[in-house]
$ cat coords32.tsv   # TSV, C-alpha atoms
chain	number	residue	atom	x	y	z
S	1	MET	CA	10.88	-34.40	30.26
S	2	GLU	CA	13.77	-32.00	29.86
S	3	GLU	CA	13.89	-32.68	26.11
S	4	VAL	CA	10.19	-31.91	25.70
S	5	LYS	CA	10.67	-28.52	27.32
S	6	ASN	CA	13.60	-27.78	24.97
S	7	ASN	CA	11.51	-28.73	21.95
S	8	SER	CA	8.59	-26.56	23.06
S	9	GLY	CA	10.93	-23.57	23.34
S	10	GLN	CA	12.35	-24.33	19.92
S	11	ASN	CA	8.90	-24.72	18.41
S	12	LEU	CA	7.94	-21.29	19.74
S	13	GLY	CA	11.13	-19.91	18.24
S	14	ILE	CA	10.30	-21.39	14.84
S	15	ALA	CA	6.78	-20.01	15.08
S	16	ALA	CA	8.22	-16.59	15.97
S	17	LEU	CA	10.58	-16.66	12.99
S	18	ILE	CA	7.86	-17.70	10.54
S	19	THR	CA	5.48	-15.02	11.86
S	20	ALA	CA	8.31	-12.49	11.73
S	21	ILE	CA	9.07	-13.24	8.07
S	22	LEU	CA	5.39	-12.98	7.15
S	23	THR	CA	5.03	-9.78	9.17
S	24	PHE	CA	8.04	-8.32	7.40
S	25	VAL	CA	6.61	-9.12	3.95
S	26	LEU	CA	3.22	-7.67	4.98
S	27	ALA	CA	4.79	-4.57	6.52
S	28	VAL	CA	6.51	-3.45	3.32
S	29	ILE	CA	3.31	-3.65	1.25
S	30	PRO	CA	1.66	-0.23	1.79
S	31	CYS	CA	-1.91	-1.54	1.26
S	32	VAL	CA	-1.73	-3.97	4.17
S	33	GLY	CA	1.24	-2.54	6.04
S	34	LEU	CA	-0.84	-1.31	8.96
S	35	ILE	CA	-2.34	-4.79	9.49
S	36	ALA	CA	1.21	-6.09	10.04
S	37	VAL	CA	1.18	-4.51	13.50
S	38	ILE	CA	-1.01	-7.38	14.77
S	39	PRO	CA	1.25	-10.29	13.67
S	40	GLY	CA	4.18	-8.11	14.70
S	41	ILE	CA	2.95	-8.02	18.29
S	42	ILE	CA	2.33	-11.80	18.16
S	43	THR	CA	5.90	-12.27	16.88
S	44	ILE	CA	7.39	-10.25	19.71
S	45	VAL	CA	5.36	-12.18	22.29
S	46	LEU	CA	6.31	-15.56	20.77
S	47	GLY	CA	9.95	-14.59	20.43
S	48	SER	CA	10.19	-13.30	23.98
S	49	VAL	CA	8.55	-16.41	25.45
S	50	ALA	CA	10.77	-18.66	23.29
S	51	ILE	CA	13.94	-16.87	24.41
S	52	SER	CA	12.94	-16.98	28.08
S	53	GLN	CA	12.15	-20.71	27.81
S	54	ALA	CA	15.42	-21.37	26.00
S	55	ASN	CA	17.39	-19.46	28.64
S	56	ARG	CA	15.64	-21.39	31.41
S	57	ASN	CA	16.54	-24.72	29.78
S	58	ASN	CA	19.98	-23.62	28.58
S	59	SER	CA	19.01	-24.52	25.02
S	60	PRO	CA	20.00	-22.60	21.86
S	61	HIS	CA	17.82	-19.58	21.18
S	62	GLY	CA	19.23	-18.36	17.85
S	63	VAL	CA	16.04	-18.98	15.86
S	64	ALA	CA	13.87	-17.19	18.44
S	65	LEU	CA	16.28	-14.26	18.61
S	66	ALA	CA	16.29	-13.97	14.81
S	67	GLY	CA	12.47	-14.03	14.85
S	68	LEU	CA	12.36	-11.38	17.56
S	69	ILE	CA	14.77	-9.05	15.72
S	70	ILE	CA	12.97	-9.43	12.36
S	71	GLY	CA	9.65	-8.97	14.17
S	72	ILE	CA	10.77	-5.73	15.84
S	73	ILE	CA	12.08	-4.36	12.52
S	74	ALA	CA	8.82	-5.40	10.80
S	75	ILE	CA	6.65	-3.76	13.46
S	76	MET	CA	8.71	-0.57	13.12
S	77	ILE	CA	8.12	-0.59	9.35
S	78	ALA	CA	4.41	-1.25	9.97
S	79	PHE	CA	4.23	1.71	12.36
S	80	SER	CA	6.05	3.86	9.84
S	81	GLN	CA	3.12	3.23	7.49
S	82	ILE	CA	1.01	5.33	9.87
S	83	PHE	CA	3.33	8.31	9.30
S	84	VAL	CA	3.27	7.69	5.55
S	85	ALA	CA	-0.54	7.57	5.61
S	86	ARG	CA	-0.65	10.72	7.72
S	87	LYS	CA	1.60	12.52	5.26
S	88	ILE	CA	-0.53	11.45	2.29
S	89	ALA	CA	-3.67	12.49	4.16
S	90	HIS	CA	-2.08	15.84	4.93
S	91	LYS	CA	-1.30	16.30	1.25
S	92	ALA	CA	-4.86	15.27	0.39
S	93	ASP	CA	-6.22	17.90	2.81
S	94	LYS	CA	-4.42	20.56	0.82
S	95	TRP	CA	-6.49	19.76	-2.26
S	96	PRO	CA	-9.69	21.54	-1.18
S	97	LYS	CA	-7.64	24.62	-0.23
S	98	GLN	CA	-5.92	24.62	-3.61
S	99	PHE	CA	-9.28	24.20	-5.32
S	100	GLU	CA	-10.70	27.08	-3.25
S	101	ASN	CA	-7.76	29.29	-4.25
S	102	ILE	CA	-8.30	28.47	-7.93
S	103	MET	CA	-12.02	29.29	-7.61
S	104	ASN	CA	-11.22	32.58	-5.88
S	105	ASP	CA	-8.74	33.50	-8.62
S	106	VAL	CA	-11.33	32.72	-11.32
S	107	GLN	CA	-13.95	34.77	-9.45
S	108	ASP	CA	-11.56	37.72	-9.09
S	109	ASN	CA	-10.67	37.58	-12.78
S	110	VAL	CA	-14.34	37.50	-13.78
S	111	VAL	CA	-15.16	40.46	-11.53
S	112	LYS	CA	-12.18	42.40	-12.87
S	113	ASP	CA	-13.19	41.66	-16.47
S	114	LEU	CA	-16.73	42.81	-15.74
S	115	GLU	CA	-15.47	46.01	-14.16
S	116	ASP	CA	-13.49	46.86	-17.28
S	117	ALA	CA	-16.13	45.72	-19.75
S	118	ASN	CA	-18.79	47.70	-21.57
S	119	VAL	CA	-22.04	46.31	-20.29
S	120	SER	CA	-25.19	46.81	-22.26
S	121	ILE	CA	-28.51	45.52	-21.01
S	122	LYS	CA	-31.53	45.71	-23.25
S	123	VAL	CA	-35.02	44.65	-22.20
S	124	GLU	CA	-37.92	44.62	-24.62
S	125	ASN	CA	-41.51	44.11	-23.56
S	126	ASN	CA	-44.55	44.81	-25.80
S	127	GLY	CA	-42.71	47.44	-27.77
S	128	ASP	CA	-41.24	49.09	-24.65
S	129	THR	CA	-37.47	49.03	-24.58
S	130	ILE	CA	-35.18	49.57	-21.65
S	131	ARG	CA	-31.50	49.86	-22.38
S	132	ILE	CA	-28.78	50.37	-19.81
S	133	VAL	CA	-25.27	51.04	-21.03
S	134	THR	CA	-22.29	51.32	-18.70
S	135	SER	CA	-18.82	52.53	-19.51
S	136	PRO	CA	-15.64	50.62	-18.61
S	137	ASP	CA	-14.76	52.96	-15.80
S	138	LYS	CA	-15.97	51.71	-12.44
S	139	ARG	CA	-16.54	55.27	-11.17
S	140	ASN	CA	-18.81	56.02	-14.13
S	141	LYS	CA	-20.82	52.91	-13.37
S	142	GLU	CA	-21.21	53.95	-9.77
S	143	GLN	CA	-22.21	57.44	-10.89
S	144	THR	CA	-24.73	55.99	-13.35
S	145	LEU	CA	-26.13	53.82	-10.62
S	146	GLU	CA	-26.47	56.82	-8.29
S	147	ASP	CA	-28.13	58.83	-11.08
S	148	LEU	CA	-30.58	56.01	-11.70
S	149	GLU	CA	-31.38	55.80	-8.02
S	150	LYS	CA	-31.92	59.56	-7.79
S	151	GLY	CA	-34.06	59.58	-10.91
S	152	ASN	CA	-31.59	61.87	-12.66
S	153	ASN	CA	-31.51	59.77	-15.78
S	154	SER	CA	-33.15	61.87	-18.45
S	155	ALA	CA	-29.98	62.18	-20.53
S	156	HIS	CA	-29.53	58.47	-21.04
S	157	ASP	CA	-33.11	57.31	-20.55
S	158	THR	CA	-34.39	55.45	-23.57
S	159	VAL	CA	-37.72	54.45	-22.05
S	160	LYS	CA	-40.63	55.86	-24.01
S	161	VAL	CA	-43.54	56.48	-21.72
S	162	LYS	CA	-46.91	55.89	-23.38
S	163	LYS	CA	-49.35	58.72	-23.00
A	1	MET	CA	21.98	-40.63	-4.61
A	2	THR	CA	19.07	-42.39	-6.29
A	3	PRO	CA	15.51	-41.02	-5.93
A	4	LEU	CA	14.61	-44.02	-3.76
A	5	LYS	CA	17.50	-43.35	-1.36
A	6	LEU	CA	16.62	-39.65	-1.29
A	7	LYS	CA	13.05	-40.55	-0.38
A	8	SER	CA	14.24	-42.77	2.43
A	9	SER	CA	16.62	-40.11	3.74
A	10	ILE	CA	13.78	-37.55	3.73
A	11	ALA	CA	11.60	-40.00	5.60
A	12	GLN	CA	14.34	-40.57	8.19
A	13	ILE	CA	14.65	-36.86	9.00
A	14	LYS	CA	12.53	-35.81	11.92
A	15	LEU	CA	10.98	-32.47	11.14
A	16	ARG	CA	10.94	-31.56	14.81
A	17	ASN	CA	14.72	-31.52	14.85
A	18	GLU	CA	15.03	-29.53	11.63
A	19	PRO	CA	13.73	-25.98	12.05
A	20	TYR	CA	14.96	-25.02	8.58
A	21	LEU	CA	12.71	-27.61	6.94
A	22	VAL	CA	9.73	-26.60	9.07
A	23	ILE	CA	10.22	-22.94	8.13
A	24	ASN	CA	10.53	-23.88	4.44
A	25	ILE	CA	7.37	-26.00	4.51
A	26	VAL	CA	5.32	-23.33	6.30
A	27	LEU	CA	6.54	-20.55	3.99
A	28	ALA	CA	5.81	-22.66	0.93
A	29	GLY	CA	2.32	-23.29	2.34
A	30	VAL	CA	1.75	-19.57	2.89
A	31	ILE	CA	2.86	-18.80	-0.67
A	32	LEU	CA	0.46	-21.47	-1.93
A	33	LEU	CA	-2.31	-19.78	0.05
A	34	ILE	CA	-1.44	-16.42	-1.56
A	35	LEU	CA	-1.58	-18.02	-5.01
A	36	ALA	CA	-4.86	-19.72	-4.11
A	37	TYR	CA	-6.27	-16.35	-2.95
A	38	SER	CA	-5.31	-14.86	-6.31
A	39	GLY	CA	-6.85	-17.79	-8.12
A	40	ILE	CA	-10.13	-17.95	-6.18
A	41	PHE	CA	-10.99	-14.26	-6.32
A	42	SER	CA	-11.38	-12.90	-9.82
A	43	PRO	CA	-10.87	-9.40	-11.17
A	44	GLU	CA	-14.10	-9.66	-13.18
A	45	LYS	CA	-16.22	-10.08	-10.03
A	46	ASN	CA	-13.99	-7.73	-8.01
A	47	ASN	CA	-14.78	-9.70	-4.84
A	48	TYR	CA	-11.47	-9.32	-3.03
A	49	PRO	CA	-11.94	-9.30	0.74
A	50	ILE	CA	-8.73	-7.36	1.42
A	51	VAL	CA	-8.96	-3.68	0.54
A	52	CYS	CA	-6.29	-1.01	0.65
A	53	ILE	CA	-6.20	0.56	4.10
A	54	HIS	CA	-4.12	3.46	2.79
A	55	GLU	CA	-6.81	4.35	0.28
A	56	LYS	CA	-9.49	4.04	2.97
A	57	ILE	CA	-7.65	6.46	5.26
A	58	THR	CA	-6.25	8.94	2.80
A	59	GLY	CA	-8.54	8.61	-0.20
A	60	GLU	CA	-5.45	8.42	-2.37
A	61	PRO	CA	-4.29	5.20	-4.08
A	62	CYS	CA	-0.94	3.87	-2.88
A	63	VAL	CA	1.94	2.23	-4.77
A	64	SER	CA	0.69	-1.31	-4.01
A	65	CYS	CA	-2.95	-0.73	-5.00
A	66	GLY	CA	-4.17	-3.24	-7.57
A	67	LEU	CA	-1.70	-5.92	-6.52
A	68	SER	CA	-4.40	-8.55	-5.92
A	69	HIS	CA	-5.94	-7.81	-9.33
A	70	SER	CA	-2.49	-7.99	-10.89
A	71	PHE	CA	-1.74	-11.39	-9.28
A	72	SER	CA	-5.07	-12.82	-10.39
A	73	LEU	CA	-4.55	-11.61	-13.95
A	74	ILE	CA	-1.00	-13.03	-14.09
A	75	LEU	CA	-2.35	-16.39	-12.92
A	76	ARG	CA	-4.93	-16.20	-15.72
A	77	GLY	CA	-2.24	-15.36	-18.28
A	78	LYS	CA	-3.32	-11.74	-18.84
A	79	VAL	CA	0.09	-10.19	-18.25
A	80	ALA	CA	-0.47	-6.94	-20.18
A	81	GLU	CA	-3.66	-6.25	-18.23
A	82	ALA	CA	-1.85	-7.13	-14.99
A	83	TYR	CA	0.71	-4.39	-15.69
A	84	GLN	CA	-2.11	-1.89	-16.01
A	85	TRP	CA	-3.43	-2.72	-12.54
A	86	ASN	CA	-0.05	-2.54	-10.86
A	87	ARG	CA	3.22	-2.12	-12.70
A	88	TYR	CA	5.15	-3.80	-9.89
A	89	GLY	CA	2.76	-6.75	-9.72
A	90	MET	CA	4.86	-8.98	-11.94
A	91	ARG	CA	8.08	-8.64	-9.96
A	92	VAL	CA	6.28	-9.27	-6.65
A	93	PHE	CA	4.51	-12.26	-8.18
A	94	LEU	CA	7.83	-13.59	-9.46
A	95	PHE	CA	9.27	-13.16	-5.97
A	96	PHE	CA	6.54	-15.33	-4.44
A	97	ALA	CA	6.65	-17.91	-7.23
A	98	GLY	CA	10.45	-17.98	-7.06
A	99	GLN	CA	10.42	-18.35	-3.29
A	100	PHE	CA	7.98	-21.25	-3.57
A	101	LEU	CA	10.38	-23.05	-5.90
A	102	LEU	CA	13.40	-22.10	-3.80
A	103	ARG	CA	11.79	-23.49	-0.64
A	104	ILE	CA	11.37	-26.85	-2.37
A	105	ILE	CA	14.85	-26.83	-3.94
A	106	PHE	CA	16.63	-25.73	-0.74
A	107	SER	CA	14.73	-28.31	1.31
A	108	LEU	CA	15.81	-31.07	-1.07
A	109	LEU	CA	19.43	-29.85	-1.04
A	110	TYR	CA	19.32	-29.63	2.76
A	111	THR	CA	18.30	-33.26	3.07
A	112	LYS	CA	20.59	-34.45	0.29
A	113	TYR	CA	23.83	-32.76	1.46
A	114	PRO	CA	23.99	-32.75	5.27
A	115	VAL	CA	27.64	-31.60	5.27
A	116	THR	CA	26.99	-28.23	3.63
A	117	ARG	CA	23.85	-27.31	5.58
A	118	LYS	CA	25.28	-24.20	7.27
A	119	GLN	CA	26.57	-22.81	3.98
A	120	LEU	CA	23.23	-23.59	2.33
A	121	ILE	CA	21.26	-21.75	5.02
A	122	LEU	CA	23.60	-18.76	4.81
A	123	PHE	CA	23.34	-18.71	1.03
A	124	ASP	CA	19.54	-18.93	1.31
A	125	ILE	CA	19.33	-16.05	3.79
A	126	VAL	CA	21.57	-13.75	1.74
A	127	GLY	CA	20.05	-14.72	-1.62
A	128	SER	CA	16.44	-14.49	-0.48
A	129	SER	CA	17.09	-11.15	1.22
A	130	LEU	CA	18.57	-9.76	-2.00
A	131	ILE	CA	15.66	-11.06	-4.10
A	132	PHE	CA	13.24	-9.58	-1.55
A	133	LEU	CA	14.96	-6.18	-1.74
A	134	ILE	CA	14.90	-6.19	-5.55
A	135	ALA	CA	11.24	-7.26	-5.71
A	136	PHE	CA	9.93	-4.91	-3.03
A	137	MET	CA	12.23	-1.95	-3.71
A	138	PRO	CA	9.45	0.31	-5.11
A	139	PHE	CA	7.37	-0.25	-1.97
A	140	ILE	CA	10.35	0.28	0.34
A	141	ALA	CA	11.24	3.43	-1.59
A	142	ALA	CA	7.65	4.68	-1.22
A	143	ILE	CA	7.80	4.14	2.55
A	144	ILE	CA	11.14	5.90	2.86
A	145	LYS	CA	9.88	8.76	0.66
A	146	GLY	CA	6.75	9.07	2.76
A	147	LEU	CA	8.63	9.37	6.06
$ encode --input "coords32.tsv" --output "structure tokens"
Amino acid sequence: MEEVKNNSGQNLGIAALITAILTFVLAVIPCVGLIAVIPGIITIVLGSVAISQANRNNSPHGVALAGLIIGIIAIMIAFSQIFVARKIAHKADKWPKQFENIMNDVQDNVVKDLEDANVSIKVENNGDTIRIVTSPDKRNKEQTLEDLEKGNNSAHDTVKVKK
Amino acid sequence: MTPLKLKSSIAQIKLRNEPYLVINIVLAGVILLILAYSGIFSPEKNNYPIVCIHEKITGEPCVSCGLSHSFSLILRGKVAEAYQWNRYGMRVFLFFAGQFLLRIIFSLLYTKYPVTRKQLILFDIVGSSLIFLIAFMPFIAAIIKGL
């Protein structure tokens, strides 16, 4: 009867060591590292039970202890994968911000180019022609716009009104 | 020792009293399952049940992405294509294949030379740990870098 108890403790120890080795291999593979937490917990439970049984029966518990230690290290590596994933996710979150910054820079450059550019707009419709020309200076453009709004545009008006 | 005597000595050993042999047999079985997984699921159909959790969470591929594809392609003899899926696939595959052979060899040596069992186990632990570190170093480095 005593021998059976010893064997059952040893069997649990072997099971703990095997699970620990598999957990360790799983834990270091980033793709499935997080899954290793589950067998890691099983390993710790098996190892703990095996050690307690071995202590109760005064039988050797080296295998179970080895399983428990490897299992704890493996579960720590598996948990570290969470931090690694969090860091990668944090880096990934920066992407939209970087993209937004690039878009803002492009927009600013385009606006600046337009401010400095000579803009000429010409509209033709049934022989009628409307032509708006702006100078590079932003102030001049604003002045032209004000003049157009006030109707003070005779100097530059190219519209020919049909009588 | 003749093969017949070796067979009889293996038969005499009770597995229950030999944890080392049990561990070797189970690990060899697990490696066979991994190889069977790579053989059953094909890269053409892309029907692998295990997906990368890292990629699911972060949206970014990790250093071990494409390992299943790589294993399957190595088993099918398409080594160059396997390197394209995961450049570390070959060394990890060699680790598993090597460990499968080592489990068989060490088990036979364990039963054949009972006097040097302790030395054999110690040699196995140290050797296998070193091979593991060499094979999985890129993954370990990625974890350390990510911390």
$ atom_distance --input "coords32.tsv" --atom1 "CA of Phe79 in chain S" --atom2 "CA of Lys56 in chain A"
16.8 Å
$ residues_around --input "coords32.tsv" --residues "range 19-29 of chain A" --least-positions-apart "2" --cutoff "10 Å" --atoms "all atoms listed in the file" --output "PyMOL selection string"
(chain S and resi 10-11+13-15+17-19+21-22+63) or (chain A and resi 13-17+31-35+96-97+99-108+110-111+117+121)
$ closest_atom_pairs --input "coords32.tsv" --of "chain S" --to "chain A" --cutoff "6 Å" --atoms "only C-alpha atoms" --output "Markdown table"
| residue | atom | partner | partner_atom | distance |
| --- | --- | --- | --- | --- |
| S:Pro30 | CA | A:Ser64 | CA | 6.0 |
| S:Cys31 | CA | A:Cys52 | CA | 4.5 |
| S:Val84 | CA | A:Gly146 | CA | 4.7 |
| S:Ala89 | CA | A:Thr58 | CA | 4.6 |
$ write_last_selection --input "coords32.tsv" --atoms "C-alpha atoms" --output "PDB file, in the frame of the given file"
ATOM      1  CA  PRO S  30       1.660  -0.230   1.790  1.00  0.00           C
ATOM      2  CA  CYS S  31      -1.910  -1.540   1.260  1.00  0.00           C
ATOM      3  CA  VAL S  84       3.270   7.690   5.550  1.00  0.00           C
ATOM      4  CA  ALA S  89      -3.670  12.490   4.160  1.00  0.00           C
TER       5      ALA S  89
END
$ atom_distance --input "coords32.tsv" --atom1 "CA of Ser42 in chain A" --atom2 "CA of Thr23 in chain S"
25.3 Å
$ atom_distance --input "coords32.tsv" --atom1 "CA of Ala74 in chain S" --atom2 "CA of Leu46 in chain S"
14.5 Å
$ residues_near_point --input "coords32.tsv" --point "(8.7, -4.9, 14.0)" --cutoff "12 Å" --atoms "only C-alpha atoms" --output "PyMOL selection string"
chain S and resi 16-17+19-28+33-45+47+66-81
$ residues_around --input "coords32.tsv" --residues "His61 in chain S" --least-positions-apart "2" --cutoff "8 Å" --atoms "all atoms listed in the file" --output "JSON, numbers by chain"
{"S": [10, 13, 50, 51, 54, 55, 59, 63, 64, 65]}
$ write_last_selection --input "coords32.tsv" --atoms "C-alpha atoms" --output "mmCIF file, in the coordinates of the input"
data_model
loop_
_atom_site.group_PDB
_atom_site.id
_atom_site.type_symbol
_atom_site.label_atom_id
_atom_site.label_comp_id
_atom_site.auth_asym_id
_atom_site.auth_seq_id
_atom_site.Cartn_x
_atom_site.Cartn_y
_atom_site.Cartn_z
ATOM 1 C CA GLN S 10 12.350 -24.330 19.920
ATOM 2 C CA GLY S 13 11.130 -19.910 18.240
ATOM 3 C CA ALA S 50 10.770 -18.660 23.290
ATOM 4 C CA ILE S 51 13.940 -16.870 24.410
ATOM 5 C CA ALA S 54 15.420 -21.370 26.000
ATOM 6 C CA ASN S 55 17.390 -19.460 28.640
ATOM 7 C CA SER S 59 19.010 -24.520 25.020
ATOM 8 C CA VAL S 63 16.040 -18.980 15.860
ATOM 9 C CA ALA S 64 13.870 -17.190 18.440
ATOM 10 C CA LEU S 65 16.280 -14.260 18.610
#
$ closest_residue --input "coords32.tsv" --among "A:Pro43, A:Ile125, A:Thr116, A:Leu133" --to "Val92 in chain A" --atoms "only C-alpha atoms"
A:Leu133
